[in-house]
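Have a look at coords35.txt below; it lists compact mmCIF, C-alpha atoms.
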# COMPACT_ATOMS: atom_id res chain seq x y z
CA MET A 1 223.20 54.43 169.12
CA ALA A 2 223.24 56.35 165.90
CA LEU A 3 224.21 54.28 162.90
CA SER A 4 225.25 55.73 159.59
CA GLN A 5 223.11 54.90 156.58
CA LYS A 6 225.72 52.50 155.22
CA THR A 7 226.23 50.71 158.52
CA LYS A 8 222.50 50.32 158.93
CA GLU A 9 222.20 48.85 155.47
CA THR A 10 225.09 46.43 156.05
CA LEU A 11 223.69 45.18 159.35
CA LEU A 12 219.95 45.25 158.75
CA GLY A 13 219.75 44.68 155.00
CA PRO A 14 220.31 40.90 155.28
CA LEU A 15 217.48 40.65 157.81
CA ASN A 16 214.88 41.59 155.25
CA ALA A 17 215.51 43.12 151.81
CA ASN A 18 218.69 41.16 151.17
CA ASN A 19 218.01 38.06 153.26
CA PRO A 20 220.53 35.28 152.50
CA VAL A 21 217.92 32.51 152.58
CA VAL A 22 214.79 33.96 151.00
CA VAL A 23 216.35 36.47 148.58
CA GLN A 24 219.76 35.00 147.75
CA VAL A 25 218.45 31.44 148.31
CA LEU A 26 221.64 30.29 150.05
CA GLY A 27 222.04 27.84 152.90
CA ILE A 28 218.84 25.97 152.04
CA CYS A 29 220.21 22.49 152.80
CA SER A 30 220.81 23.19 156.48
CA ALA A 31 217.47 25.00 156.67
CA LEU A 32 215.87 21.68 155.78
CA ALA A 33 217.98 19.57 158.10
CA VAL A 34 217.81 21.31 161.48
CA THR A 35 214.32 22.81 161.48
CA VAL A 36 212.22 19.88 162.70
CA GLN A 37 212.41 21.34 166.18
CA LEU A 38 212.95 24.87 167.43
CA LYS A 39 215.88 24.26 169.77
CA PRO A 40 218.41 22.88 167.27
CA ALA A 41 217.33 25.62 164.85
CA LEU A 42 218.11 28.27 167.47
CA VAL A 43 221.52 26.81 168.30
CA MET A 44 222.33 26.41 164.61
CA GLY A 45 221.35 30.05 164.00
CA VAL A 46 223.59 31.28 166.82
CA ALA A 47 226.50 29.07 165.72
CA VAL A 48 226.28 30.23 162.09
CA THR A 49 226.01 33.90 163.16
CA ILE A 50 229.14 33.63 165.30
CA ILE A 51 231.07 31.80 162.60
CA VAL A 52 230.07 34.13 159.73
CA ALA A 53 230.91 37.23 161.78
CA MET A 54 234.26 35.88 162.95
CA SER A 55 235.37 34.48 159.60
CA ASN A 56 234.33 37.74 157.92
CA VAL A 57 236.56 39.65 160.38
CA ILE A 58 239.52 37.33 159.87
CA ILE A 59 239.29 37.35 156.07
CA SER A 60 238.80 41.11 156.06
CA LEU A 61 241.97 41.49 158.17
CA LEU A 62 243.90 39.28 155.76
CA ARG A 63 242.25 40.56 152.58
CA ASN A 64 245.27 42.51 151.30
CA THR A 65 247.71 39.66 151.91
CA ILE A 66 245.74 36.73 150.47
CA PRO A 67 247.14 35.52 147.12
CA MET A 68 244.31 35.70 144.58
CA ARG A 69 244.87 32.22 143.20
CA ILE A 70 244.39 30.43 146.52
CA ARG A 71 241.88 32.80 148.11
CA ILE A 72 239.04 30.25 148.18
CA ILE A 73 241.32 27.72 149.87
CA VAL A 74 242.40 30.27 152.47
CA GLN A 75 238.75 31.17 153.13
CA LEU A 76 237.90 27.49 153.49
CA VAL A 77 240.76 26.90 155.92
CA VAL A 78 239.63 29.82 158.08
CA VAL A 79 236.01 28.65 158.09
CA ALA A 80 236.94 25.03 158.75
CA ALA A 81 239.21 26.05 161.63
CA LEU A 82 236.47 28.18 163.21
CA VAL A 83 233.85 25.46 162.82
CA THR A 84 236.17 22.90 164.41
CA LEU A 85 236.81 25.34 167.26
CA VAL A 86 233.09 25.89 167.87
CA SER A 87 232.45 22.16 167.72
CA GLU A 88 235.26 21.42 170.22
CA VAL A 89 234.06 24.16 172.57
CA LEU A 90 230.48 22.87 172.40
CA LYS A 91 231.67 19.34 173.19
CA ALA A 92 233.54 20.63 176.22
CA PHE A 93 230.97 23.06 177.59
CA ALA A 94 227.57 22.14 176.11
CA TYR A 95 227.82 18.41 175.49
CA ASP A 96 224.06 17.82 175.16
CA VAL A 97 223.67 20.49 172.49
CA ALA A 98 226.72 19.20 170.62
CA MET A 99 225.22 15.71 170.58
CA GLN A 100 221.86 17.01 169.39
CA LEU A 101 223.37 18.94 166.48
CA SER A 102 225.76 16.08 165.74
CA VAL A 103 226.91 16.29 162.13
CA TYR A 104 225.23 19.61 161.35
CA ILE A 105 227.88 21.65 163.18
CA GLY A 106 230.51 20.17 160.89
CA LEU A 107 228.29 20.89 157.93
CA ILE A 108 228.38 24.64 158.66
CA ILE A 109 231.65 24.51 156.69
CA THR A 110 229.66 23.75 153.57
CA ASN A 111 227.04 26.45 154.20
CA CYS A 112 227.01 28.59 151.08
CA ILE A 113 226.25 31.75 153.07
CA LEU A 114 229.73 31.64 154.61
CA MET A 115 231.68 31.35 151.38
CA GLY A 116 229.28 33.77 149.73
CA ARG A 117 229.82 36.51 152.31
CA LEU A 118 233.59 35.98 152.46
CA GLU A 119 233.95 36.18 148.70
CA ALA A 120 231.39 38.92 148.07
CA PHE A 121 231.95 41.18 151.07
CA ALA A 122 234.90 40.47 153.39
CA MET A 123 237.46 40.30 150.55
CA THR A 124 236.76 43.92 149.58
CA ASN A 125 235.54 45.65 152.75
CA LYS A 126 236.95 46.99 156.02
CA VAL A 127 236.95 44.95 159.20
CA TRP A 128 234.10 46.65 161.08
CA ASP A 129 231.79 46.62 158.06
CA SER A 130 232.62 42.95 157.47
CA PHE A 131 231.77 42.14 161.07
CA LEU A 132 228.38 43.87 160.74
CA ASP A 133 227.75 42.14 157.44
CA GLY A 134 228.52 38.75 158.98
CA LEU A 135 226.32 39.49 161.98
CA GLY A 136 223.45 40.66 159.75
CA ASN A 137 223.63 37.68 157.44
CA GLY A 138 223.91 35.22 160.32
CA LEU A 139 220.86 36.75 161.98
CA GLY A 140 218.95 36.83 158.69
CA TYR A 141 219.67 33.11 158.29
CA ALA A 142 218.72 32.41 161.92
CA ALA A 143 215.44 34.31 161.55
CA ILE A 144 214.28 32.14 158.64
CA LEU A 145 215.39 28.96 160.42
CA ILE A 146 213.40 29.95 163.50
CA ILE A 147 210.25 30.75 161.46
CA VAL A 148 210.45 27.43 159.62
CA ALA A 149 211.16 25.48 162.83
CA PHE A 150 208.28 27.26 164.59
CA PHE A 151 205.75 26.00 162.06
CA ARG A 152 207.28 22.54 161.77
CA GLU A 153 207.45 21.88 165.50
CA LEU A 154 204.04 23.43 166.21
CA PHE A 155 202.12 21.51 163.55
CA GLY A 156 204.36 18.45 163.40
CA ALA A 157 204.61 17.68 167.10
CA GLY A 158 202.25 20.12 168.82
CA THR A 159 205.09 21.50 170.93
CA LEU A 160 207.38 24.55 170.95
CA LEU A 161 210.91 24.21 172.36
CA GLY A 162 209.71 20.90 173.75
CA PHE A 163 206.79 22.41 175.70
CA ARG A 164 203.31 21.19 174.79
CA VAL A 165 201.25 23.90 173.06
CA ILE A 166 198.40 21.87 171.61
CA PRO A 167 196.67 20.16 174.56
CA GLU A 168 196.90 16.37 174.78
CA SER A 169 193.11 16.12 175.11
CA TRP A 170 192.61 17.49 171.59
CA TYR A 171 194.23 14.47 170.01
CA VAL A 172 192.22 11.75 168.32
CA ALA A 173 194.07 9.18 170.44
CA ASN A 174 192.57 10.80 173.55
CA GLY A 175 189.11 11.20 172.08
CA GLY A 176 189.69 14.62 170.52
CA PHE A 177 189.61 15.87 166.94
CA TYR A 178 193.22 16.82 166.25
CA GLU A 179 196.14 14.97 164.74
CA ASN A 180 199.74 16.04 164.12
CA CYS A 181 200.70 16.67 160.53
CA GLY A 182 203.31 13.97 159.84
CA MET A 183 204.28 15.75 156.65
CA MET A 184 205.78 18.56 158.76
CA MET A 185 208.45 16.13 159.98
CA MET A 186 209.65 15.49 156.43
CA PRO A 187 212.42 17.63 154.90
CA ALA A 188 210.14 18.32 151.92
CA MET A 189 207.82 20.33 154.13
CA ALA A 190 210.68 22.65 155.14
CA LEU A 191 211.21 23.42 151.47
CA ILE A 192 207.50 24.16 151.03
CA ILE A 193 207.52 26.47 154.09
CA VAL A 194 210.64 28.26 152.82
CA GLY A 195 208.83 28.64 149.49
CA GLY A 196 205.82 30.08 151.31
CA ILE A 197 208.06 32.53 153.19
CA ILE A 198 209.72 33.63 149.94
CA TRP A 199 206.27 34.17 148.41
CA ALA A 200 205.03 36.24 151.38
CA HIS A 201 208.32 38.16 151.54
CA ARG A 202 208.23 39.07 147.83
CA ALA A 203 204.55 40.02 148.00
CA ILE A 204 205.11 42.36 150.96
CA ASN A 205 208.24 43.95 149.48
CA GLU A 206 206.48 44.43 146.14
CA GLU A 207 203.73 46.43 147.83
CA LYS A 208 206.30 48.72 149.46
CA LYS A 209 207.81 49.65 146.12
CA MET B 210 255.00 43.20 147.37
CA ASN B 211 253.74 40.88 144.66
CA THR B 212 251.09 38.75 146.34
CA ASN B 213 250.62 36.71 143.19
CA SER B 214 254.09 35.21 142.82
CA ASN B 215 254.46 31.47 143.22
CA THR B 216 256.87 31.73 146.14
CA TYR B 217 254.56 34.06 148.05
CA THR B 218 251.57 31.79 147.43
CA ILE B 219 253.39 28.69 148.66
CA VAL B 220 254.83 30.39 151.73
CA TYR B 221 251.46 31.96 152.53
CA ALA B 222 249.63 28.66 152.26
CA THR B 223 252.24 26.91 154.43
CA VAL B 224 252.12 29.57 157.15
CA VAL B 225 248.31 29.61 157.25
CA VAL B 226 248.10 25.83 157.50
CA ILE B 227 250.76 25.66 160.23
CA ILE B 228 249.07 28.37 162.30
CA VAL B 229 245.68 26.67 162.01
CA ALA B 230 247.14 23.23 162.79
CA VAL B 231 248.93 24.50 165.90
CA LEU B 232 245.83 26.35 167.06
CA LEU B 233 243.53 23.34 166.65
CA ALA B 234 246.03 20.96 168.24
CA LEU B 235 246.32 23.31 171.19
CA VAL B 236 242.57 23.63 171.64
CA SER B 237 242.14 19.88 171.36
CA GLN B 238 244.83 19.36 174.02
CA VAL B 239 243.33 21.94 176.37
CA LEU B 240 239.72 20.84 176.02
CA GLY B 241 240.47 17.11 175.74
CA PRO B 242 240.16 16.18 179.43
CA ARG B 243 236.95 18.18 179.76
CA GLN B 244 235.45 16.43 176.74
CA GLN B 245 236.50 13.04 178.09
CA ALA B 246 234.82 13.89 181.38
CA ASN B 247 231.66 14.88 179.49
CA VAL B 248 231.64 11.62 177.55
CA GLN B 249 232.04 9.65 180.76
CA LEU B 250 229.39 11.67 182.60
CA ASP B 251 227.03 11.17 179.67
CA GLN B 252 227.58 7.41 179.86
CA GLN B 253 226.90 7.43 183.61
CA LYS B 254 223.72 9.45 183.05
CA GLN B 255 222.56 6.96 180.45
CA ILE B 256 223.17 4.03 182.77
CA LEU B 257 221.22 5.90 185.47
CA GLY B 258 218.44 6.37 182.90
CA ALA B 259 218.34 2.62 182.25
CA LEU B 260 218.12 2.14 186.03
CA LYS B 261 215.05 4.41 185.99
CA GLN B 262 216.69 7.15 188.02
CA ASP B 263 215.28 10.62 187.39
CA ILE B 264 218.35 12.79 187.03
CA SER B 265 216.66 15.94 185.69
CA ASN B 266 216.85 17.54 189.15
CA CYS B 267 219.99 15.79 190.27
CA ASN B 268 222.94 18.09 190.97
CA ASP B 269 225.62 15.42 190.99
CA PRO B 270 224.74 12.47 188.73
CA ALA B 271 228.28 11.08 189.09
CA ALA B 272 227.86 10.69 192.86
CA LEU B 273 224.46 9.03 192.37
CA TYR B 274 226.07 6.72 189.82
CA PHE B 275 228.82 5.62 192.18
CA SER B 276 226.32 5.10 195.00
CA LEU B 277 224.26 2.72 192.84
CA VAL B 278 226.72 0.98 190.55
CA LYS B 279 228.85 -1.32 192.64
CA ASP B 280 230.88 -3.23 190.11
CA THR B 281 231.69 -3.62 186.44
CA LEU B 282 232.14 -7.06 184.92
CA ASP B 283 233.66 -7.87 181.58
CA VAL B 284 232.00 -10.39 179.26
CA ASN B 285 234.18 -10.99 176.18
CA GLY B 286 234.94 -7.29 176.02
CA HIS B 287 231.37 -6.17 176.73
CA PRO B 288 230.74 -4.43 180.05
CA VAL B 289 228.11 -5.47 182.59
CA TYR B 290 227.39 -2.85 185.23
CA VAL B 291 226.22 -4.38 188.49
CA ALA B 292 223.97 -1.99 190.36
CA GLU B 293 221.98 -2.22 193.55
CA ILE B 294 218.65 -0.47 193.87
CA GLU B 295 216.70 -0.76 197.12
CA GLY B 296 218.61 -3.93 197.96
CA GLU B 297 217.83 -5.56 194.61
CA GLN B 298 220.65 -6.38 192.28
CA LYS B 299 220.34 -5.16 188.68
CA PHE B 300 222.55 -5.92 185.71
CA VAL B 301 223.01 -3.27 183.05
CA LEU B 302 224.12 -4.43 179.60
CA LYS B 303 225.54 -2.12 176.99
CA LEU B 304 223.92 -2.10 173.55
CA LYS B 305 225.29 -0.97 170.21
CA GLY B 306 223.61 -1.07 166.82
CA ALA B 307 222.65 0.82 163.69
CA GLY B 308 219.70 3.13 163.05
CA LEU B 309 218.72 4.91 159.87
CA TRP B 310 221.36 7.65 159.57
CA GLY B 311 223.99 6.48 162.00
CA GLY B 312 224.77 4.43 165.05
CA ILE B 313 222.35 3.84 167.88
CA GLY B 314 223.15 2.48 171.31
CA GLY B 315 221.76 2.08 174.74
CA TYR B 316 221.70 0.32 178.08
CA LEU B 317 219.39 -2.46 179.18
CA ALA B 318 218.88 -3.02 182.89
CA LEU B 319 217.83 -6.55 183.87
CA ASP B 320 216.48 -7.81 187.18
CA LYS B 321 218.60 -10.40 188.90
CA ASP B 322 216.64 -13.25 187.28
CA LEU B 323 218.38 -12.08 184.07
CA ASN B 324 215.04 -12.26 182.33
CA THR B 325 212.79 -9.37 183.35
CA ILE B 326 213.75 -5.96 181.92
CA TYR B 327 213.99 -3.40 184.72
CA GLY B 328 214.55 -0.41 182.46
CA ALA B 329 215.98 0.60 179.10
CA ASN B 330 217.71 3.66 177.78
CA PHE B 331 218.65 4.46 174.21
CA ASN B 332 220.84 6.98 172.46
CA HIS B 333 221.52 7.79 168.84
CA GLU B 334 224.01 9.71 166.77
CA SER B 335 221.86 11.26 164.08
CA GLU B 336 218.33 9.88 163.88
CA THR B 337 215.63 12.23 162.53
CA PRO B 338 214.43 14.63 165.25
CA GLY B 339 210.79 13.99 166.04
CA LEU B 340 210.81 10.54 164.42
CA GLY B 341 213.64 8.08 165.00
CA ALA B 342 215.12 10.33 167.68
CA LEU B 343 212.05 9.55 169.81
CA ILE B 344 213.73 6.29 170.91
CA VAL B 345 215.46 8.31 173.64
CA GLU B 346 212.14 9.54 175.03
CA LEU B 347 210.35 7.97 178.02
CA PRO B 348 207.16 6.76 176.25
CA PHE B 349 209.19 4.49 173.99
CA ARG B 350 211.65 3.35 176.66
CA GLN B 351 209.00 2.63 179.27
CA GLN B 352 207.38 0.04 177.01
CA PHE B 353 210.32 -2.26 177.72
CA GLU B 354 209.88 -2.28 181.47
CA GLY B 355 208.65 -5.62 182.78
CA LYS B 356 209.09 -7.41 179.44
CA HIS B 357 210.97 -10.70 179.41
CA ILE B 358 213.96 -11.47 177.22
CA ARG B 359 213.51 -15.24 177.57
CA ASN B 360 210.81 -17.50 176.23
CA ALA B 361 208.95 -20.10 178.27
CA GLN B 362 211.82 -22.58 177.79
CA GLY B 363 214.28 -20.11 179.31
CA GLU B 364 216.12 -19.40 176.06
CA VAL B 365 217.22 -15.83 175.44
CA VAL B 366 215.03 -14.61 172.56
CA SER B 367 215.16 -10.83 173.06
CA VAL B 368 212.19 -8.48 172.75
CA ALA B 369 210.87 -7.49 169.33
CA VAL B 370 210.03 -3.92 168.33
CA LEU B 371 207.05 -4.30 166.01
CA LYS B 372 204.35 -2.23 164.37
CA ALA B 373 201.25 -2.16 166.56
CA GLY B 374 198.87 -4.89 165.43
CA THR B 375 201.51 -7.40 164.33
CA GLN B 376 202.31 -10.35 166.52
CA ALA B 377 205.82 -11.59 167.31
CA GLU B 378 206.34 -15.33 167.39
CA GLY B 379 207.87 -16.85 170.49
CA GLN B 380 209.00 -13.57 172.04
CA GLU B 381 207.55 -10.54 173.76
CA GLN B 382 207.16 -7.29 171.86
CA VAL B 383 206.81 -3.52 172.18
CA ASP B 384 205.30 -1.02 169.73
CA ALA B 385 207.53 0.51 167.09
CA LEU B 386 207.57 4.25 166.45
CA SER B 387 205.35 5.29 163.58
CA GLY B 388 207.29 7.03 160.83
CA ALA B 389 210.53 5.56 162.08
CA THR B 390 210.41 1.97 160.86
CA ILE B 391 214.12 1.62 160.15
CA THR B 392 215.16 3.05 163.51
CA SER B 393 212.64 0.78 165.27
CA THR B 394 213.90 -2.27 163.40
CA GLY B 395 217.41 -1.10 164.32
CA VAL B 396 216.51 -1.17 168.03
CA SER B 397 214.98 -4.62 167.61
CA ASP B 398 218.06 -5.98 165.80
CA MET B 399 220.38 -4.26 168.27
CA LEU B 400 218.69 -5.97 171.23
CA LYS B 401 218.83 -9.37 169.56
CA ALA B 402 222.45 -9.09 168.43
CA ASN B 403 223.76 -7.66 171.70
CA LEU B 404 221.91 -10.16 173.88
CA ALA B 405 223.56 -12.86 171.78
CA GLU B 406 226.95 -11.27 172.53
CA TYR B 407 226.15 -11.53 176.22
CA ALA B 408 225.03 -15.17 175.88
CA SER B 409 227.89 -16.51 178.01
CA PHE B 410 226.95 -14.15 180.83
CA LEU B 411 223.19 -14.67 180.54
CA ASN B 412 223.33 -18.47 180.25
CA GLU B 413 226.14 -19.37 182.64
CA LEU B 414 224.55 -17.67 185.60
CA PRO B 415 222.57 -20.34 187.50
CA GLU B 416 219.42 -18.64 188.66
CA ALA B 417 219.26 -20.47 191.96
CA GLU B 418 222.67 -19.38 193.25
CA PRO B 419 223.13 -16.16 195.15
CA GLU B 420 224.30 -13.38 192.87
CA ALA B 421 227.19 -12.24 195.05
CA GLU B 422 229.09 -15.49 194.59
CA GLU B 423 228.45 -15.34 190.91
CA VAL B 424 230.05 -11.94 190.68
CA ILE B 425 233.25 -13.29 192.17
CA GLU B 426 233.12 -16.24 189.84
CA GLU B 427 232.69 -13.96 186.87
CA ASN B 428 235.71 -11.96 187.95
CA GLN B 429 237.76 -15.10 188.19
CA THR B 430 236.80 -16.14 184.69
CA SER B 431 237.79 -12.78 183.30
CA ASN B 432 241.06 -12.92 185.22
CA GLN B 433 241.80 -16.30 183.78
CA THR B 434 241.26 -15.14 180.26
CA GLU B 435 243.63 -12.26 180.91
CA GLU B 436 246.33 -14.61 182.11

As structure tokens, please, write out the structure in this file.
Amino acid sequence: MALSQKTKETLLGPLNANNPVVVQVLGICSALAVTVQLKPALVMGVAVTIIVAMSNVIISLLRNTIPMRIRIIVQLVVVAALVTLVSEVLKAFAYDVAMQLSVYIGLIITNCILMGRLEAFAMTNKVWDSFLDGLGNGLGYAAILIIVAFFRELFGAGTLLGFRVIPESWYVANGGFYENCGMMMMPAMALIIVGGIIWAHRAINEEKK
Amino acid sequence: MNTNSNTYTIVYATVVVIIVAVLLALVSQVLGPRQQANVQLDQQKQILGALKQDISNCNDPAALYFSLVKDTLDVNGHPVYVAEIEGEQKFVLKLKGAGLWGGIGGYLALDKDLNTIYGANFNHESETPGLGALIVELPFRQQFEGKHIRNAQGEVVSVAVLKAGTQAEGQEQVDALSGATITSTGVSDMLKANLAEYASFLNELPEAEPEAEEVIEENQTSNQTEE
């Protein structure tokens, strides 16, 4: 599929050069909260991607009718309605996942990436572009979440997606030499990993220039 | 059209809110029964977990539930699920307490002596994944199996959840989860408080009498209170 230069930039830009988490430093709070294990991070990434894309489309459709003075409220109502919908659907069709994510699904409403994209992009751009922008930003957010969760679950619990990666026999408790890094389980460590990613990301992009 | 006039703004806001309200009400109505069924199925699965049934490969947990759980008693508003496993009667008590971030709960299955723990299952609303959330995992739950909730005098004293190396006085204990002290203490307190709620059930039941008669008796008591 051939994409025009602009489309490509809208969709793929947020994955790297304009990443919402590591470049714009948005949505950090949820990146700390749901990244202890890989599975909730994945589900959160998918949920945010769907909600950003859909709310971008809806706001873009309404952009010429929204009164300027209450535009933030209208955006918030749209986002809140979508989040409630996703949460209800999850409770009906994926109860276990809904229970695991518990409050974090509701907290998507407060994710700065959503309001940021609605205000900065969907209010002034066409529907298709807004959809791509939402998709790109959601995926950019999900990518960082998955990287952070990968390190935290691997070094914090020795598992990935619940499957054991570091053999039981390596552990000190079983006469081995290895011990899980308890620090990885703490929210502070997520912040340090995000910081590390930002560092690596800037260093690599600097070289390219 | 002037989209910045007061009238337009008010009408716009009203219409948006009404549309969203109708939409959400509709979705809630449509999905409601399905969600209720999920909640109920989840409860049945948890009770099966407390009864040490492996349901990971079970296609129809509800059917398994109804084949095992024969009766539900009511003790001052708290349910007791009477199950039968391999001819042995088990009593499942419902637990409810508080963890670190939110509520925790669970089910405690007792042998028919109402002393030995047959199995335990826990759930939580929002404990930290990898730390407090580990109370739902088998290694923690299995510690409770075979412990006794009564002391040598037959008084109900619960089971303590304590840091490895510390010694409980006058009651049996299991190891707490490291890094999840508040959640562990929450489980300990939950067991103690809920067993106290069930005191009338646990203490009235004479151990020598056959359980079947007792079940009928229990039903009569609850009927009387209803009258």

Residues of chain B within 9 Å of chain A, counting all atoms listed in the file - could you list those as a ChimeraX atom specification? /B:211-214,217-218,221-222,225-226,229-230,232-233,236-237,240-248,251,333-335,337-340,388

Distance atom CA of Ser393 of chain B-atom CA of Gly374 of chain B, one decimal place? 14.9 Å

Record the distance separating atom CA of Lys356 of chain B and atom CA of Gln380 of chain B, expressed in Å with one decimal.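 Taking atom CA of Lys356 of chain B as the start and atom CA of Gln380 of chain B as the end point, the length is 9.6 Å.
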
Given all atoms listed in the file as the counted atoms, nearest of A:Ala17, A:Leu11, A:Leu26, A:Ile197 to Ile113 of chain A: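 Looking at the shortest contact to Ile113 of chain A, the residue is A:Leu26.
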
Between A:Leu139, A:Ile147, A:Leu132, A:Val165, which residue has the minimum interatomic distance to Thr10 of chain A, considering only C-alpha atoms? A:Leu132

Closest of B:Leu343, B:Val224, B:Ile313, B:Leu302 to Ser397 of chain B, counting all atoms listed in the file, is B:Ile313

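Taking atom CA of Thr159 of chain A and atom CA of Met183 of chain A as the two end points, the separation is 15.4 Å.
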
Just checking: using only C-alpha atoms, which residue out of A:Trp170, A:Leu145, A:Arg164, A:Ala200 ends up closest to Val46 of chain A?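 Residue with the minimum atom-to-atom distance to Val46 of chain A: A:Leu145.
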
Minimum-distance residue to Ile198 of chain A, chosen among A:Ile144, A:Ser30, A:Leu160, A:Val48 (using all atoms listed in the file):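 The closest residue to Ile198 of chain A is A:Ile144.
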
Could you list as a compact mmCIF listing (two decimals) with C-alpha atoms, in the frame of the given file every residue that has an atom within 12 Å of (221.7, 34.3, 156.1), using the file's coordinates and counting all atoms listed in the file?
# COMPACT_ATOMS: atom_id res chain seq x y z
CA LEU A 11 223.69 45.18 159.35
CA LEU A 12 219.95 45.25 158.75
CA GLY A 13 219.75 44.68 155.00
CA PRO A 14 220.31 40.90 155.28
CA LEU A 15 217.48 40.65 157.81
CA ASN A 16 214.88 41.59 155.25
CA ALA A 17 215.51 43.12 151.81
CA ASN A 18 218.69 41.16 151.17
CA ASN A 19 218.01 38.06 153.26
CA PRO A 20 220.53 35.28 152.50
CA VAL A 21 217.92 32.51 152.58
CA VAL A 22 214.79 33.96 151.00
CA VAL A 23 216.35 36.47 148.58
CA GLN A 24 219.76 35.00 147.75
CA VAL A 25 218.45 31.44 148.31
CA LEU A 26 221.64 30.29 150.05
CA GLY A 27 222.04 27.84 152.90
CA ILE A 28 218.84 25.97 152.04
CA SER A 30 220.81 23.19 156.48
CA ALA A 31 217.47 25.00 156.67
CA MET A 44 222.33 26.41 164.61
CA GLY A 45 221.35 30.05 164.00
CA VAL A 46 223.59 31.28 166.82
CA ALA A 47 226.50 29.07 165.72
CA VAL A 48 226.28 30.23 162.09
CA THR A 49 226.01 33.90 163.16
CA ILE A 50 229.14 33.63 165.30
CA ILE A 51 231.07 31.80 162.60
CA VAL A 52 230.07 34.13 159.73
CA ALA A 53 230.91 37.23 161.78
CA ASN A 111 227.04 26.45 154.20
CA CYS A 112 227.01 28.59 151.08
CA ILE A 113 226.25 31.75 153.07
CA LEU A 114 229.73 31.64 154.61
CA MET A 115 231.68 31.35 151.38
CA GLY A 116 229.28 33.77 149.73
CA ARG A 117 229.82 36.51 152.31
CA ASP A 133 227.75 42.14 157.44
CA GLY A 134 228.52 38.75 158.98
CA LEU A 135 226.32 39.49 161.98
CA GLY A 136 223.45 40.66 159.75
CA ASN A 137 223.63 37.68 157.44
CA GLY A 138 223.91 35.22 160.32
CA LEU A 139 220.86 36.75 161.98
CA GLY A 140 218.95 36.83 158.69
CA TYR A 141 219.67 33.11 158.29
CA ALA A 142 218.72 32.41 161.92
CA ALA A 143 215.44 34.31 161.55
CA ILE A 144 214.28 32.14 158.64
CA LEU A 145 215.39 28.96 160.42
CA ILE A 146 213.40 29.95 163.50

Compile the contact shell of Ala190 of chain A as a PyMOL selection string: residues with an atom at most 7 Å away, counting all atoms listed in the file, same-chain residues fewer than 4 positions apart removed. chain A and resi 32+148+194

Using all atoms listed in the file for the distances, tell me which of A:Leu154, A:Met189, A:Val79, A:Ala173 is nearest to Asn56 of chain A.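 Nearest to Asn56 of chain A: A:Val79.
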
Residues within 9 Å of Pro270 of chain B, please, as a PyMOL selection string. Count only C-alpha atoms; anything in the same chain fewer than 2 positions from it doesn't count. chain B and resi 250+253-254+257+264+267-268+272-275

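Residues with any atom within 7 Å of Gly328 of chain B, counting only C-alpha atoms and excluding same-chain neighbours fewer than 6 positions away, are B:Ala259, B:Leu260, B:Lys261, B:Leu317, B:Ala318, B:Phe353, B:Glu354.
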